[in-house]
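**Q** Before we start, here is the structure in question, set down as structure tokens.
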Amino acid sequence: MTTPPPPTIAPAEGKLGVLTVGLGAVASTLIAGVELVKRGQGKPIGSLSQMATIRLGKRTEHRSPLIRDFVPLAKLEDIVWGAWDVFPDDAYVAASRAGVLDAGKHIEAISDTLREIRPMPAAFERKYARNLDGEHVMSGVSKRDMLNRIREDINRFREEKQVDRVVMIWCASTEIYIEPGPAHQTIESLEAAIDADDETVSPAMLYAYAALLEGVPFANGAPNLAVDAPALRQYATEHGIAISGKDFKTGQTLMKTVLAPMLKARQLGLRGWYSTNILGNRDGEVLDAPENFKTKEESKLGVLEDILEPAKNPDLYGDVFHKVTINYYPPRGDNKEGWDNIDIFGWLNYPMQIKVDFLCRDSILAAPLALDLVLFMDLAQRAGLGGIQEWLSYYYKSPQTAPGLYPEHDLFIQLTKLKNTLRWMMGEEVITHLGREYYEEL
Ligand SMILES: NC(=O)c1ccc[n+]([C@@H]2O[C@H](COP(=O)([O-])OP(=O)(O)OC[C@H]3O[C@@H](n4cnc5c(N)ncnc54)[C@H](O)[C@@H]3O)[C@@H](O)[C@H]2O)c1
């Protein structure tokens, strides 16, 4: 198949409004981090868009610019923040409460800016996250009213902050598990379900739909159904609005999508993979409810099967026991500890084990992904790439793909795809890694 011609990319002129749904640990760490980087008080470590280079042309050409110098991304200086949350805390209070960043070093230094970011009342219903009890919500309103009010919020934000473009990113709590059903199939059925206050239409879907109706790209950092509902996917494609999801790939699943491809690359067998976590932040508290954990579990469990393809490798992967648990344990706050016990086997079936103990910081890992996503979603929109942005799979545990297409989970294939998409967008040759030319020219 021939490569399609590169798109025309509109310049990143003016301000980029970033609306975060949720102003909790991830969103406040993202905002504080960007504000510190802007002032030269920190480095955007973990952000591919800010730190990584990209090789162009042949290896002998030695062309490897920074990605941010190569593609026309919005500048961090041009980002303007807005948010919704169930609690009225401004970004200063949210960041202090989340306990991720050092107050003296990283919060006080930008306290004035953080205090100015006050969340709008949330479109929220307790039945979708019963462990959350906040009062800063659009109260007593129907789903139709919520949808309209989110649209009004977007437009008011646009006018008040004088932003030229807007991107929305879901950094709110994980909602309960909802299967795609009749309400989610077409825009007509979704509209009817909204009017009927159908409980299979969650707040996340209302935010996503409102974003699309306002021409705003939507990225989903949590595992719940939102912009991946068929009706919204189709709407986004038809109207040329970028969408992507879902569930930031940060700690344990990041490890899994590095280790599992290694096992497969070496044709080592797998008998079992037991993953458990302790986590003490508000996310952990919400996920302590079984209906909410189920959403996360689905997202975490799918990965191994897609990578290992047991049907193609039954001797190695036909009988794998895979278990994932998350335990709410307040003393650890945002500093999650994730353990993996992996039972593998090699030559002549001899068993071996791998143990991973990842003492990570959840929001420190997630914030750079959220930054890259808003910048790349804005780029995709300016490049006229509507619908699913599969090239951003690199950032997600459950990458959204076209219907019928299995997701690619291998982190390094995802990275190659992302970089090739950037090369293609900028009219550079995509890199296949075939490399015959180095030997034919000798
Ligand atoms: N940190 C990570 O490594 C990571 C990785 C993957 C996914 N996630 C997901 O990202 C999301 C955010 O994580 P976090 O640690 O910041 O959680 P958090 O609990 O600190 O923040 C979420 C915020 O969303 C708010 N909220 C809930 N429902 C809302 C609604 N309908 N509208 C507006 N606000 C709402 C909550 O009040 C809360 O302040 C969670 O869903 C989490 O599962 C996080």
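Labels for the structure tokens follow display order: chains A, B, ..., residues from 1 in each chain, ligands from 1.
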Counting only C-alpha atoms and all ligand atoms, which residues in chain A sit no more than 6 Å from ligand 1? For each one, give the nearest pair of atoms and the distance in Å, sorted by chain then residue number, as JSON lines.
**A**
```
{"residue": "A:Val21", "atom": "CA", "partner": "ligand 1", "partner_atom_place_in_ligand_line": "33 (C)", "distance": 4.9}
{"residue": "A:Gly22", "atom": "CA", "partner": "ligand 1", "partner_atom_place_in_ligand_line": "24 (O)", "distance": 3.5}
{"residue": "A:Leu23", "atom": "CA", "partner": "ligand 1", "partner_atom_place_in_ligand_line": "39 (O)", "distance": 5.0}
{"residue": "A:Gly24", "atom": "CA", "partner": "ligand 1", "partner_atom_place_in_ligand_line": "21 (O)", "distance": 3.3}
{"residue": "A:Ala25", "atom": "CA", "partner": "ligand 1", "partner_atom_place_in_ligand_line": "16 (O)", "distance": 3.7}
{"residue": "A:Val26", "atom": "CA", "partner": "ligand 1", "partner_atom_place_in_ligand_line": "16 (O)", "distance": 3.7}
{"residue": "A:Ala27", "atom": "CA", "partner": "ligand 1", "partner_atom_place_in_ligand_line": "16 (O)", "distance": 5.8}
{"residue": "A:Trp84", "atom": "CA", "partner": "ligand 1", "partner_atom_place_in_ligand_line": "33 (C)", "distance": 4.7}
{"residue": "A:Asp85", "atom": "CA", "partner": "ligand 1", "partner_atom_place_in_ligand_line": "34 (N)", "distance": 3.5}
{"residue": "A:Val86", "atom": "CA", "partner": "ligand 1", "partner_atom_place_in_ligand_line": "37 (O)", "distance": 4.3}
{"residue": "A:Phe87", "atom": "CA", "partner": "ligand 1", "partner_atom_place_in_ligand_line": "37 (O)", "distance": 5.5}
{"residue": "A:Ala122", "atom": "CA", "partner": "ligand 1", "partner_atom_place_in_ligand_line": "32 (N)", "distance": 4.3}
{"residue": "A:Ala123", "atom": "CA", "partner": "ligand 1", "partner_atom_place_in_ligand_line": "31 (N)", "distance": 5.1}
{"residue": "A:Phe124", "atom": "CA", "partner": "ligand 1", "partner_atom_place_in_ligand_line": "31 (N)", "distance": 4.1}
{"residue": "A:Cys171", "atom": "CA", "partner": "ligand 1", "partner_atom_place_in_ligand_line": "12 (C)", "distance": 4.3}
{"residue": "A:Ala172", "atom": "CA", "partner": "ligand 1", "partner_atom_place_in_ligand_line": "24 (O)", "distance": 3.2}
{"residue": "A:Ser173", "atom": "CA", "partner": "ligand 1", "partner_atom_place_in_ligand_line": "41 (O)", "distance": 3.6}
{"residue": "A:Thr174", "atom": "CA", "partner": "ligand 1", "partner_atom_place_in_ligand_line": "41 (O)", "distance": 3.7}
{"residue": "A:Pro203", "atom": "CA", "partner": "ligand 1", "partner_atom_place_in_ligand_line": "31 (N)", "distance": 5.4}
{"residue": "A:Gly221", "atom": "CA", "partner": "ligand 1", "partner_atom_place_in_ligand_line": "10 (O)", "distance": 5.2}
{"residue": "A:Ala222", "atom": "CA", "partner": "ligand 1", "partner_atom_place_in_ligand_line": "41 (O)", "distance": 4.3}
{"residue": "A:Asp247", "atom": "CA", "partner": "ligand 1", "partner_atom_place_in_ligand_line": "7 (C)", "distance": 4.6}
{"residue": "A:Phe248", "atom": "CA", "partner": "ligand 1", "partner_atom_place_in_ligand_line": "6 (C)", "distance": 3.9}
{"residue": "A:Lys249", "atom": "CA", "partner": "ligand 1", "partner_atom_place_in_ligand_line": "6 (C)", "distance": 5.7}
{"residue": "A:Thr250", "atom": "CA", "partner": "ligand 1", "partner_atom_place_in_ligand_line": "3 (O)", "distance": 4.9}
{"residue": "A:Arg282", "atom": "CA", "partner": "ligand 1", "partner_atom_place_in_ligand_line": "19 (O)", "distance": 4.0}
{"residue": "A:Asp283", "atom": "CA", "partner": "ligand 1", "partner_atom_place_in_ligand_line": "19 (O)", "distance": 3.9}
{"residue": "A:Asp362", "atom": "CA", "partner": "ligand 1", "partner_atom_place_in_ligand_line": "3 (O)", "distance": 3.9}
{"residue": "A:Ser363", "atom": "CA", "partner": "ligand 1", "partner_atom_place_in_ligand_line": "1 (N)", "distance": 4.2}
{"residue": "A:Leu365", "atom": "CA", "partner": "ligand 1", "partner_atom_place_in_ligand_line": "3 (O)", "distance": 5.9}
{"residue": "A:Ala366", "atom": "CA", "partner": "ligand 1", "partner_atom_place_in_ligand_line": "3 (O)", "distance": 4.7}
```
**Q** So which bits of range 133-192 of chain A end up helix (DSSP H, G or I) when you DSSP the backbone, as number ranges by chain?
**A** A: 143-161, 182-184, 187-192
**Q** Could you save those same residues with N, CA and C atoms as a PDB file, in the first residue's frame?
**A**
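part.pdb, written as the output of this step:
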```
ATOM      1  N   LYS A 143     -29.881  14.795  32.339  1.00  0.00           N
ATOM      2  CA  LYS A 143     -28.688  14.557  31.499  1.00  0.00           C
ATOM      3  C   LYS A 143     -28.639  15.582  30.362  1.00  0.00           C
ATOM      4  N   ARG A 144     -29.794  15.925  29.830  1.00  0.00           N
ATOM      5  CA  ARG A 144     -29.840  16.929  28.751  1.00  0.00           C
ATOM      6  C   ARG A 144     -29.293  18.265  29.270  1.00  0.00           C
ATOM      7  N   ASP A 145     -29.701  18.655  30.493  1.00  0.00           N
ATOM      8  CA  ASP A 145     -29.196  19.912  31.067  1.00  0.00           C
ATOM      9  C   ASP A 145     -27.690  19.843  31.269  1.00  0.00           C
ATOM     10  N   MET A 146     -27.222  18.681  31.737  1.00  0.00           N
ATOM     11  CA  MET A 146     -25.769  18.539  31.956  1.00  0.00           C
ATOM     12  C   MET A 146     -25.019  18.750  30.644  1.00  0.00           C
ATOM     13  N   LEU A 147     -25.514  18.098  29.602  1.00  0.00           N
ATOM     14  CA  LEU A 147     -24.861  18.221  28.301  1.00  0.00           C
ATOM     15  C   LEU A 147     -24.807  19.694  27.883  1.00  0.00           C
ATOM     16  N   ASN A 148     -25.946  20.370  28.014  1.00  0.00           N
ATOM     17  CA  ASN A 148     -25.987  21.780  27.600  1.00  0.00           C
ATOM     18  C   ASN A 148     -25.074  22.643  28.450  1.00  0.00           C
ATOM     19  N   ARG A 149     -25.034  22.323  29.753  1.00  0.00           N
ATOM     20  CA  ARG A 149     -24.194  23.157  30.632  1.00  0.00           C
ATOM     21  C   ARG A 149     -22.708  22.941  30.367  1.00  0.00           C
ATOM     22  N   ILE A 150     -22.334  21.703  30.025  1.00  0.00           N
ATOM     23  CA  ILE A 150     -20.908  21.485  29.687  1.00  0.00           C
ATOM     24  C   ILE A 150     -20.572  22.284  28.423  1.00  0.00           C
ATOM     25  N   ARG A 151     -21.500  22.282  27.461  1.00  0.00           N
ATOM     26  CA  ARG A 151     -21.250  23.053  26.226  1.00  0.00           C
ATOM     27  C   ARG A 151     -21.116  24.543  26.544  1.00  0.00           C
ATOM     28  N   GLU A 152     -21.992  25.024  27.422  1.00  0.00           N
ATOM     29  CA  GLU A 152     -21.903  26.453  27.807  1.00  0.00           C
ATOM     30  C   GLU A 152     -20.567  26.736  28.498  1.00  0.00           C
ATOM     31  N   ASP A 153     -20.142  25.807  29.364  1.00  0.00           N
ATOM     32  CA  ASP A 153     -18.860  25.986  30.071  1.00  0.00           C
ATOM     33  C   ASP A 153     -17.708  26.101  29.069  1.00  0.00           C
ATOM     34  N   ILE A 154     -17.735  25.236  28.060  1.00  0.00           N
ATOM     35  CA  ILE A 154     -16.653  25.255  27.061  1.00  0.00           C
ATOM     36  C   ILE A 154     -16.630  26.627  26.367  1.00  0.00           C
ATOM     37  N   ASN A 155     -17.784  27.081  25.991  1.00  0.00           N
ATOM     38  CA  ASN A 155     -17.841  28.350  25.250  1.00  0.00           C
ATOM     39  C   ASN A 155     -17.490  29.551  26.123  1.00  0.00           C
ATOM     40  N   ARG A 156     -17.930  29.499  27.378  1.00  0.00           N
ATOM     41  CA  ARG A 156     -17.569  30.595  28.286  1.00  0.00           C
ATOM     42  C   ARG A 156     -16.060  30.620  28.509  1.00  0.00           C
ATOM     43  N   PHE A 157     -15.474  29.426  28.676  1.00  0.00           N
ATOM     44  CA  PHE A 157     -14.017  29.320  28.853  1.00  0.00           C
ATOM     45  C   PHE A 157     -13.309  29.912  27.629  1.00  0.00           C
ATOM     46  N   ARG A 158     -13.793  29.553  26.452  1.00  0.00           N
ATOM     47  CA  ARG A 158     -13.193  30.070  25.201  1.00  0.00           C
ATOM     48  C   ARG A 158     -13.180  31.602  25.186  1.00  0.00           C
ATOM     49  N   GLU A 159     -14.339  32.160  25.550  1.00  0.00           N
ATOM     50  CA  GLU A 159     -14.457  33.627  25.481  1.00  0.00           C
ATOM     51  C   GLU A 159     -13.660  34.311  26.571  1.00  0.00           C
ATOM     52  N   GLU A 160     -13.823  33.822  27.803  1.00  0.00           N
ATOM     53  CA  GLU A 160     -13.158  34.507  28.925  1.00  0.00           C
ATOM     54  C   GLU A 160     -11.641  34.444  28.809  1.00  0.00           C
ATOM     55  N   LYS A 161     -11.129  33.299  28.365  1.00  0.00           N
ATOM     56  CA  LYS A 161      -9.659  33.137  28.316  1.00  0.00           C
ATOM     57  C   LYS A 161      -9.100  33.458  26.936  1.00  0.00           C
ATOM     58  N   PRO A 182     -27.430  -0.601  23.576  1.00  0.00           N
ATOM     59  CA  PRO A 182     -28.260   0.035  22.540  1.00  0.00           C
ATOM     60  C   PRO A 182     -28.154   1.564  22.533  1.00  0.00           C
ATOM     61  N   ALA A 183     -28.068   2.166  23.713  1.00  0.00           N
ATOM     62  CA  ALA A 183     -28.044   3.638  23.766  1.00  0.00           C
ATOM     63  C   ALA A 183     -26.813   4.223  23.069  1.00  0.00           C
ATOM     64  N   HIS A 184     -25.750   3.421  22.962  1.00  0.00           N
ATOM     65  CA  HIS A 184     -24.473   3.983  22.503  1.00  0.00           C
ATOM     66  C   HIS A 184     -24.221   3.800  21.010  1.00  0.00           C
ATOM     67  N   ILE A 187     -26.072   8.237  17.001  1.00  0.00           N
ATOM     68  CA  ILE A 187     -26.337   9.536  17.623  1.00  0.00           C
ATOM     69  C   ILE A 187     -27.823   9.648  17.970  1.00  0.00           C
ATOM     70  N   GLU A 188     -28.690   9.066  17.123  1.00  0.00           N
ATOM     71  CA  GLU A 188     -30.136   9.126  17.406  1.00  0.00           C
ATOM     72  C   GLU A 188     -30.441   8.386  18.711  1.00  0.00           C
ATOM     73  N   SER A 189     -29.871   7.178  18.860  1.00  0.00           N
ATOM     74  CA  SER A 189     -30.159   6.422  20.093  1.00  0.00           C
ATOM     75  C   SER A 189     -29.548   7.113  21.306  1.00  0.00           C
ATOM     76  N   LEU A 190     -28.393   7.724  21.117  1.00  0.00           N
ATOM     77  CA  LEU A 190     -27.754   8.432  22.237  1.00  0.00           C
ATOM     78  C   LEU A 190     -28.593   9.648  22.639  1.00  0.00           C
ATOM     79  N   GLU A 191     -29.057  10.382  21.642  1.00  0.00           N
ATOM     80  CA  GLU A 191     -29.904  11.557  21.911  1.00  0.00           C
ATOM     81  C   GLU A 191     -31.161  11.129  22.671  1.00  0.00           C
ATOM     82  N   ALA A 192     -31.782  10.041  22.210  1.00  0.00           N
ATOM     83  CA  ALA A 192     -33.010   9.570  22.869  1.00  0.00           C
ATOM     84  C   ALA A 192     -32.697   9.141  24.301  1.00  0.00           C
TER      85      ALA A 192
END
```
**Q** Can you work out which one of A:Ala12, A:Val374, A:Ala52, A:Ile388 has the shortest atom-to-atom distance to Tyr235 in chain A, counting only C-alpha atoms?
**A**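 Counting only C-alpha atoms, the residue closest to Tyr235 in chain A is A:Ile388.
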**Q** Excluding same-chain residues fewer than 2 positions from Ala226 in chain A, what lies within 9 Å of it counting only C-alpha atoms, as a list in words?
**A**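 After dropping sequence-adjacent residues, the list is Val201, Ser202, Pro203, Ala204, Met205, Leu206, Tyr207, Ala208, Tyr209, Asn220, Pro223, Asn224, Asp228, Ala229, Leu232, Gly245 and Lys246 of chain A.
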**Q** Considering only C-alpha atoms, return as a list of chain:residue names whatever protein or nucleic-acid residues lie within 7 Å of Gly17 in chain A, sequence-local ones (same chain, fewer than 4 positions apart) excluded.
**A**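 Here the answer would be A:Ile79, A:Val80, A:Trp81, A:Val163, A:Arg165, A:Val166, A:Val167.
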**Q** Please, what distance in Å, to one decimal, runs between CA of Ser275 in chain A and CA of Ser28 in chain A?
**A**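 We find that CA of Ser275 in chain A and CA of Ser28 in chain A lie 27.8 Å from each other.
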**Q** Counting only C-alpha atoms, which residue out of A:Ser244, A:Ser47, A:Thr3, A:Ser393 sits closest to Asp378 in chain A?
**A**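 The shortest atom-to-atom distance to Asp378 in chain A comes from A:Ser244.
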**Q** Show me, as an MDAnalysis selection string, the residues that have an atom within 12 Å of range 350-353 of chain A when counting only C-alpha atoms, minus same-chain residues fewer than 6 positions from it.
**A** chainID A and resid 263 268:274 340:344
**Q** Suppose you want the space between CA of Arg68 in chain A and CA of Ser49 in chain A; what is it in Å?
**A**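 Rounded to one decimal, the two atoms are 5.8 Å apart.
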**Q** From range 325-374 of chain A, collect each residue whose DSSP state is strand (DSSP E or B) and return the set as number ranges by chain.
**A** A: 325-328, 337-345, 351-359
**Q** Which is closer to Tyr177 in chain A than all the others in A:Glu428, A:Glu298, A:Asp197, A:Asp78, using only C-alpha atoms?
**A**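 Comparing A:Glu428, A:Glu298, A:Asp197, A:Asp78 against Tyr177 in chain A, the winner is A:Glu298.
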**Q** To one decimal place, how far is CA of Tyr92 in chain A from CA of His106 in chain A in Å?
**A**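 CA of His106 in chain A lies 10.6 Å from CA of Tyr92 in chain A.
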**Q** What's the 9 Å shell around range 100-104 of chain A, counting only C-alpha atoms, without same-chain residues fewer than 5 positions away, as a ChimeraX atom specification?
**A** /A:25,29,32,95,109,333-335,361-364
**Q** Pick from A:Asn277, A:Thr2, A:Gln234, A:Gln381: nearest to Gln252 in chain A, with only C-alpha atoms counted?
**A**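 Distance minimum relative to Gln252 in chain A lands on A:Asn277.
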**Q** Can you write out as a Markdown table which residues of range 357-379 of chain A fall within 12 Å of range 404-419 of chain A, alongside each residue's closest atom pair and its distance in Å to one decimal, counting only C-alpha atoms and ordering rows by chain and ascending residue number?
**A**
```
| residue | atom | partner | partner_atom | distance |
| --- | --- | --- | --- | --- |
| A:Asp372 | CA | A:Leu418 | CA | 11.6 |
| A:Leu373 | CA | A:Leu418 | CA | 11.7 |
| A:Phe376 | CA | A:Leu418 | CA | 10.0 |
```
**Q** I need the residue nearest Asp357 in chain A from this list: A:Gly181, A:Gly42, A:Gly140, A:Gly338. Use only C-alpha atoms for the distance.
**A** A:Gly338
